[in-house]
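Colleague: If you scroll down you'll find the structure; I have some questions about it.
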Amino acid sequence: MLNNLCLAGNPNCGKTTLYNLLTGKSERVGNRAGVTVESKTGRYKKDKRVKITDLPGAYSLENGSDDEKIAAEHIVSSVGAIINVVDGTNLKRSLRLTAELTRQNKPMVIAINFCDELKKYGIRIDAAALGKNFGVPVVLISARKNTGIDELMAAVENARVPRKIAVTETENFIETVLETALKVNPVKTQAFTDKADKILMHKIWGIPIFAAVIISVYFLTSWVGGFFGDKIAGLFATFSESVGTSLRQSGAADWFIGLVTNALITGVGAVLSFLPQILILFFLLEIIEESGYLARAAFLLDGIMSKAGFGGKSLVSLGVSCGCAVSGIMTTRTVDDENERRLTVYLSPFMPCGAKTAVFAWLSGLLFGGNPLICASLYFLSIISVAIFGSLLRRFKRFKGANGLVMEIPVLRVPSFRGVFGALKEKTVDFMLKAGSVIFLVSVAVWLLQSFGINGFTTDIKQSFLYLIGDKIKILFVPLGFGTWQSAVAVVASVFAKEAVIQTLSMVAGNPAALFYSGYSAYAFMAFILLAPPCVAALTVARNELKSRKGFWFMILFQLSAAYITALIINIFGVLAENYGAVLVSLTFMAAGVIISVIILVKKRGCGLCSACGRKKCKRKKANTTI
């Protein structure tokens, strides 16, 4: 068997699922394009001498996005043989890349994936005829069902250099191949996906259904996850009190007791207390993604997001950021247009990741009775913020890119048990390792800062370094409605990890609800956390993706400004509503919005008028504006 193999194919054709089967690894999979954005290499589990590389999905090897360039460079420079993974449910599109691969003069085998779904769609593929046309072995497989995998690896031993398909004859050749190797029963092609999409992507009913899905996700995350989280927090509080009592009876020093109970035990408890919420959120998001609904949600939001310059791949990156901003930013490599890609990196952190959701669920439990609509409203606030601030960024030349929705809508599938729980395990372990280590360090740092001051160890928190820091910067947040030193240091802690907000407020505020004068100011605090620069890990990835120090610092300034302005507007609205009534204030804001919209429309309409005669279309216009 050839010892150097690579998996090449279109996005979302099942390459990574096949890679996991062959290598025994558990790399990220999902029912959308762009899951794999960099190559991964492992060893064939039945023969460790065989190296297998999973390449990013590509529609073409020429002039593509960054992830497509990675695939092309690997195939040209280092691969020994190619396993071309083809989506059997979309054969015509997939074979365009196959034709390109024939021009690489590499041994190749074609793996027709999703063979378990072909019958459902009335599709029959003649593997022998297809192989005869290309001159290479062709095997029908199902990576999800582990079907045909041994036959595929046996065929690799007979991999051959395919018949070279010239660029000029590609389309005619593919049509010939389809005539001889593909049979479709038109009666069966009206499958479940087509029927479901008439409802899920309906121009009227689609948005309410999407809203119901999001509210349900946050309802389960906040109420069910919050219930178990409270139980875990209670257990650790009891344990901390018991340990503190034992240490005092043994004569331990006060500083040591505080370190163990307030920093170590409380820190571990804080991480584990919102683990139920994280598990539920990741589980539900994984079902949404693997079922194919994520891409449909992106399509529904196209009307709003296209105004901000987002295409389909950018919308998917925003959706992925709901799980983790790091993953969302990394998937921007699939965006072809560089300006649109830069715009997506700037705005992906606005989405409520798992860590932010844990903070919002915790705060809504303390301040709003656990109302799931609070968390859901923050999700919609993030979408509105992306649209508004994206439109503002588009006024800058460096963010003006391609516009409109261009994306692939995958087939609706029942999520596989192995896929969902494999991804859930991976995300949870990654979250616990990252969040656990950061929050633990933040817990210790906060305890040290609140326990020591200029005069050394102190039990008076107002003499501590932590109070001095918070007291100096709290004035910045007074206009936002949360100008206390405790909330100020919580904002600072959130830079390291958003989850640290929970731990910090738990340590420095006996009753966090007392830090906010009203529900509006509390909501302004949550909005600031939502839109402020993401955690250190996400910032590091953003810096690498932007490849510009100036662009990176501008991004941070932009995100801070967006968070500050949004929180300020919410707080002002709250102050006015409490004094003059919410209805009156709402009407005032609506009137202002209408006036601004009219001004913009009139200004935009006026831009097309000839300065000489005032007519919209005039031959003299060009002459009058040319010097």
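By convention here, the chains of the structure tokens are called A, B, ... in the order presented, each chain's residues are numbered starting at 1, and ligands are numbered starting at 1 in the order presented.
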Do a neighbour search on range 168-181 of chain A at 12 Å with only C-alpha atoms, toss out local chain neighbours closer than 4 positions, and write the hits as a ChimeraX atom specification.

Modeller: /A:88,90-103,123-135,138,163-164

Colleague: Considering only C-alpha atoms, give me a table of residues in range 54-98 of chain A that are at most 6 Å from range 10-26 of chain A, with the closest atom pair and distance in Å for each, as a tab-separated table.

Modeller:
residue	atom	partner	partner_atom	distance
A:Gly57	CA	A:Pro11	CA	4.0
A:Ala58	CA	A:Asn10	CA	4.8
A:Tyr59	CA	A:Asn10	CA	5.2
A:Asp87	CA	A:Cys13	CA	5.0

Colleague: Please return, as a ChimeraX atom specification, all residues of range 68-312 of chain A that DSSP assigns to helix (DSSP H, G or I) on the basis of the backbone.

Modeller: /A:68-77,88-102,115-118,127-134,149-156,167-181,192-200,206-249,254-273,275-291,293-300,302-308,312

Colleague: Find the nearest atom pair between each residue of range 240-316 of chain A and range 427-451 of chain A for residues within 12 Å, count only C-alpha atoms, give distances in Å to one decimal, sort rows by chain and ascending number, and present the table as JSON lines.

Modeller:
{"residue": "A:Asp254", "atom": "CA", "partner": "A:Ser451", "partner_atom": "CA", "distance": 10.1}
{"residue": "A:Trp255", "atom": "CA", "partner": "A:Ser451", "partner_atom": "CA", "distance": 7.6}
{"residue": "A:Phe256", "atom": "CA", "partner": "A:Ser451", "partner_atom": "CA", "distance": 10.7}
{"residue": "A:Ile257", "atom": "CA", "partner": "A:Trp447", "partner_atom": "CA", "distance": 11.3}
{"residue": "A:Gly258", "atom": "CA", "partner": "A:Trp447", "partner_atom": "CA", "distance": 7.8}
{"residue": "A:Leu259", "atom": "CA", "partner": "A:Trp447", "partner_atom": "CA", "distance": 6.9}
{"residue": "A:Val260", "atom": "CA", "partner": "A:Val444", "partner_atom": "CA", "distance": 9.4}
{"residue": "A:Thr261", "atom": "CA", "partner": "A:Trp447", "partner_atom": "CA", "distance": 10.1}
{"residue": "A:Asn262", "atom": "CA", "partner": "A:Trp447", "partner_atom": "CA", "distance": 7.1}
{"residue": "A:Ala263", "atom": "CA", "partner": "A:Ser443", "partner_atom": "CA", "distance": 5.1}
{"residue": "A:Leu264", "atom": "CA", "partner": "A:Val444", "partner_atom": "CA", "distance": 7.0}
{"residue": "A:Ile265", "atom": "CA", "partner": "A:Phe440", "partner_atom": "CA", "distance": 9.4}
{"residue": "A:Thr266", "atom": "CA", "partner": "A:Ser443", "partner_atom": "CA", "distance": 7.9}
{"residue": "A:Gly267", "atom": "CA", "partner": "A:Phe440", "partner_atom": "CA", "distance": 5.4}
{"residue": "A:Val268", "atom": "CA", "partner": "A:Phe440", "partner_atom": "CA", "distance": 6.8}
{"residue": "A:Gly269", "atom": "CA", "partner": "A:Phe440", "partner_atom": "CA", "distance": 9.9}
{"residue": "A:Ala270", "atom": "CA", "partner": "A:Ile439", "partner_atom": "CA", "distance": 8.2}
{"residue": "A:Val271", "atom": "CA", "partner": "A:Gly436", "partner_atom": "CA", "distance": 6.0}
{"residue": "A:Leu272", "atom": "CA", "partner": "A:Met432", "partner_atom": "CA", "distance": 8.6}
{"residue": "A:Ser273", "atom": "CA", "partner": "A:Gly436", "partner_atom": "CA", "distance": 11.5}
{"residue": "A:Phe274", "atom": "CA", "partner": "A:Met432", "partner_atom": "CA", "distance": 10.5}
{"residue": "A:Leu275", "atom": "CA", "partner": "A:Met432", "partner_atom": "CA", "distance": 8.2}
{"residue": "A:Pro276", "atom": "CA", "partner": "A:Thr428", "partner_atom": "CA", "distance": 10.3}
{"residue": "A:Gln277", "atom": "CA", "partner": "A:Thr428", "partner_atom": "CA", "distance": 10.9}
{"residue": "A:Ile278", "atom": "CA", "partner": "A:Thr428", "partner_atom": "CA", "distance": 7.6}
{"residue": "A:Leu279", "atom": "CA", "partner": "A:Thr428", "partner_atom": "CA", "distance": 6.8}
{"residue": "A:Ile280", "atom": "CA", "partner": "A:Thr428", "partner_atom": "CA", "distance": 10.4}
{"residue": "A:Leu281", "atom": "CA", "partner": "A:Thr428", "partner_atom": "CA", "distance": 10.4}
{"residue": "A:Phe282", "atom": "CA", "partner": "A:Lys427", "partner_atom": "CA", "distance": 7.4}
{"residue": "A:Phe283", "atom": "CA", "partner": "A:Lys427", "partner_atom": "CA", "distance": 9.5}
{"residue": "A:Leu285", "atom": "CA", "partner": "A:Lys427", "partner_atom": "CA", "distance": 11.2}
{"residue": "A:Glu286", "atom": "CA", "partner": "A:Lys427", "partner_atom": "CA", "distance": 10.0}

Colleague: Go ahead and write the residues just picked, N, CA and C atoms, as a CSV table (one decimal), in the first residue's frame.

Modeller:
chain,number,residue,atom,x,y,z
A,254,ASP,N,-4.8,32.9,58.6
A,254,ASP,CA,-5.9,33.4,57.9
A,254,ASP,C,-5.7,33.5,56.4
A,255,TRP,N,-4.5,33.9,56.0
A,255,TRP,CA,-4.2,34.1,54.6
A,255,TRP,C,-4.3,32.7,53.9
A,256,PHE,N,-3.8,31.7,54.6
A,256,PHE,CA,-3.8,30.3,54.0
A,256,PHE,C,-5.3,29.8,53.9
A,257,ILE,N,-6.1,30.1,54.9
A,257,ILE,CA,-7.5,29.7,54.8
A,257,ILE,C,-8.2,30.4,53.7
A,258,GLY,N,-7.9,31.6,53.5
A,258,GLY,CA,-8.5,32.4,52.4
A,258,GLY,C,-8.1,31.9,51.1
A,259,LEU,N,-6.8,31.5,51.0
A,259,LEU,CA,-6.3,31.0,49.7
A,259,LEU,C,-7.0,29.7,49.3
A,260,VAL,N,-7.1,28.8,50.3
A,260,VAL,CA,-7.7,27.5,50.0
A,260,VAL,C,-9.2,27.6,49.7
A,261,THR,N,-9.9,28.3,50.6
A,261,THR,CA,-11.4,28.4,50.5
A,261,THR,C,-11.9,29.3,49.4
A,262,ASN,N,-11.4,30.6,49.4
A,262,ASN,CA,-11.9,31.6,48.5
A,262,ASN,C,-11.3,31.5,47.1
A,263,ALA,N,-10.0,31.0,47.0
A,263,ALA,CA,-9.4,31.0,45.7
A,263,ALA,C,-9.5,29.6,45.1
A,264,LEU,N,-8.9,28.6,45.8
A,264,LEU,CA,-8.8,27.3,45.2
A,264,LEU,C,-10.2,26.6,45.0
A,265,ILE,N,-10.9,26.4,46.2
A,265,ILE,CA,-12.1,25.6,46.1
A,265,ILE,C,-13.2,26.4,45.4
A,266,THR,N,-13.3,27.7,45.6
A,266,THR,CA,-14.3,28.5,44.9
A,266,THR,C,-14.0,28.6,43.4
A,267,GLY,N,-12.7,28.6,43.1
A,267,GLY,CA,-12.3,28.6,41.6
A,267,GLY,C,-12.7,27.4,40.9
A,268,VAL,N,-12.4,26.2,41.5
A,268,VAL,CA,-12.9,24.9,40.9
A,268,VAL,C,-14.4,24.9,40.9
A,269,GLY,N,-15.0,25.3,41.9
A,269,GLY,CA,-16.5,25.3,42.0
A,269,GLY,C,-17.1,26.1,40.9
A,270,ALA,N,-16.5,27.3,40.6
A,270,ALA,CA,-17.0,28.2,39.6
A,270,ALA,C,-17.0,27.5,38.3
A,271,VAL,N,-15.9,26.8,37.9
A,271,VAL,CA,-15.8,26.1,36.7
A,271,VAL,C,-16.8,25.0,36.5
A,272,LEU,N,-17.0,24.2,37.6
A,272,LEU,CA,-17.9,23.1,37.5
A,272,LEU,C,-19.3,23.5,37.6
A,273,SER,N,-19.6,24.6,38.2
A,273,SER,CA,-21.0,25.0,38.4
A,273,SER,C,-21.7,25.4,37.1
A,274,PHE,N,-20.9,26.0,36.1
A,274,PHE,CA,-21.6,26.3,34.9
A,274,PHE,C,-21.3,25.2,33.8
A,275,LEU,N,-20.6,24.1,34.2
A,275,LEU,CA,-20.4,23.0,33.3
A,275,LEU,C,-21.8,22.4,32.7
A,276,PRO,N,-22.8,22.3,33.5
A,276,PRO,CA,-24.1,21.8,33.0
A,276,PRO,C,-24.6,22.7,31.9
A,277,GLN,N,-24.5,24.0,32.0
A,277,GLN,CA,-25.0,24.9,31.0
A,277,GLN,C,-24.2,24.8,29.7
A,278,ILE,N,-22.8,24.6,29.9
A,278,ILE,CA,-22.0,24.5,28.7
A,278,ILE,C,-22.3,23.2,28.0
A,279,LEU,N,-22.5,22.1,28.7
A,279,LEU,CA,-22.8,20.8,28.1
A,279,LEU,C,-24.1,20.9,27.3
A,280,ILE,N,-25.1,21.5,27.9
A,280,ILE,CA,-26.4,21.6,27.2
A,280,ILE,C,-26.3,22.5,26.0
A,281,LEU,N,-25.6,23.6,26.1
A,281,LEU,CA,-25.5,24.6,25.0
A,281,LEU,C,-24.7,23.9,23.8
A,282,PHE,N,-23.6,23.3,24.1
A,282,PHE,CA,-22.8,22.7,23.1
A,282,PHE,C,-23.6,21.5,22.4
A,283,PHE,N,-24.3,20.8,23.2
A,283,PHE,CA,-25.1,19.6,22.7
A,283,PHE,C,-26.1,20.1,21.7
A,285,LEU,N,-26.3,23.1,20.1
A,285,LEU,CA,-25.6,23.7,19.0
A,285,LEU,C,-25.1,22.7,18.0
A,286,GLU,N,-24.6,21.6,18.5
A,286,GLU,CA,-24.0,20.5,17.7
A,286,GLU,C,-25.2,19.9,16.9

Colleague: What's the 8 Å shell around Phe360 in chain A, counting only C-alpha atoms, without same-chain residues fewer than 2 positions away, as a PyMOL selection string?

Modeller: chain A and resi 356-358+362-364+374-375+526

Colleague: When DSSP works through the backbone of this structure, what residues of range 352-475 of chain A end up as strand (DSSP E or B), shown as a ChimeraX atom specification?

Modeller: /A:452-453,456-457,464

Colleague: Please, what distance in Å, to one decimal, runs between CA of Phe477 in chain A and CA of Leu539 in chain A?

Modeller: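 Interatomic distance, CA of Phe477 in chain A to CA of Leu539 in chain A: 22.8 Å.
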
Colleague: If you count only C-alpha atoms, which residues fall within 7 Å of Ser314 in chain A, apart from same-chain ones fewer than 4 positions away, as an MDAnalysis selection string?

Modeller: chainID A and resid 310 318 332 335 344

Colleague: What would the file look like if the residues just selected were written as a PDB file, in the first residue's frame with C-alpha atoms?

Modeller:
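To be explicit, this is the file written out as again_8.pdb:
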ATOM      1  CA  PHE A 310     -21.575  39.331   4.601  1.00  0.00           C
ATOM      2  CA  LEU A 318     -20.703  33.869  12.824  1.00  0.00           C
ATOM      3  CA  THR A 332     -12.933  32.781   8.202  1.00  0.00           C
ATOM      4  CA  VAL A 335     -13.944  33.343   2.943  1.00  0.00           C
ATOM      5  CA  THR A 344     -15.777  38.736   9.633  1.00  0.00           C
TER       6      THR A 344
END

Colleague: Provide the CA of Leu200 in chain A to CA of Ser317 in chain A distance in Å, to one decimal place.

Modeller: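 Computed distance, CA of Leu200 in chain A to CA of Ser317 in chain A, equals 20.4 Å.
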
Colleague: Can you check which parts of range 354-463 of chain A lie within 8 Å of range 224-246 of chain A? Per residue, the shortest pair of atoms and distance in Å to one decimal, counting only C-alpha atoms, sorted by chain and number, as JSON lines.

Modeller:
{"residue": "A:Ala361", "atom": "CA", "partner": "A:Gly226", "partner_atom": "CA", "distance": 7.0}
{"residue": "A:Trp362", "atom": "CA", "partner": "A:Gly226", "partner_atom": "CA", "distance": 7.2}
{"residue": "A:Gly365", "atom": "CA", "partner": "A:Gly226", "partner_atom": "CA", "distance": 7.6}
{"residue": "A:Gly370", "atom": "CA", "partner": "A:Gly226", "partner_atom": "CA", "distance": 7.9}

Colleague: Using only C-alpha atoms, pick whichever of A:Thr459, A:Ser382, A:Ser327, A:Ser39 has the shortest atom-to-atom distance to Val345 in chain A.

Modeller: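 Of all the options, A:Ser327 lies closest to Val345 in chain A.
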
Colleague: Find the spatial neighbours of Asn571 in chain A, counting only C-alpha atoms, within a cut-off of 8 Å - ignore same-chain residues fewer than 3 positions away - and output them as a ChimeraX atom specification.

Modeller: /A:479-481,520-521,524,567-568,574-575

Colleague: Record the distance separating CA of Glu290 in chain A and CA of Ala497 in chain A, expressed in Å with one decimal.

Modeller: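 Between CA of Glu290 in chain A and CA of Ala497 in chain A the gap works out to 27.3 Å.
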
Colleague: Skipping near chain neighbours, those fewer than 6 positions away, what residues fall within 10 Å of Met351 in chain A using only C-alpha atoms, listed as a list in words?

Modeller: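 My list of contacting residues is Ser317, Leu318, Gly319, Val320, Ser321, Cys322, Gly323, Cys324, Ala325, Gly328, Thr357, Leu378, Tyr379, Phe380, Leu381, Ser382, Ile383, Ser385, Val386, Leu530, Leu531 and Pro534 of chain A.
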
Colleague: Skipping near chain neighbours, those fewer than 3 positions away, what residues fall within 12 Å of Glu157 in chain A using only C-alpha atoms, listed as a ChimeraX atom specification?

Modeller: /A:1-5,50,81-83,107-109,136-137,150-154,160

Colleague: Counting only C-alpha atoms, figure out which residue out of A:Pro352, A:Val411, A:Ala298, A:Ser377 gets nearest to Phe114 in chain A.

Modeller: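 Under the stated criterion, the closest residue is A:Val411.
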
Colleague: Compare A:Ala577, A:Ile569, A:Leu367, A:Ala111 by their minimum atom-to-atom distance to Ala527 in chain A, counting only C-alpha atoms, and give me the closest one.

Modeller: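 Comparing A:Ala577, A:Ile569, A:Leu367, A:Ala111 against Ala527 in chain A, the winner is A:Ile569.
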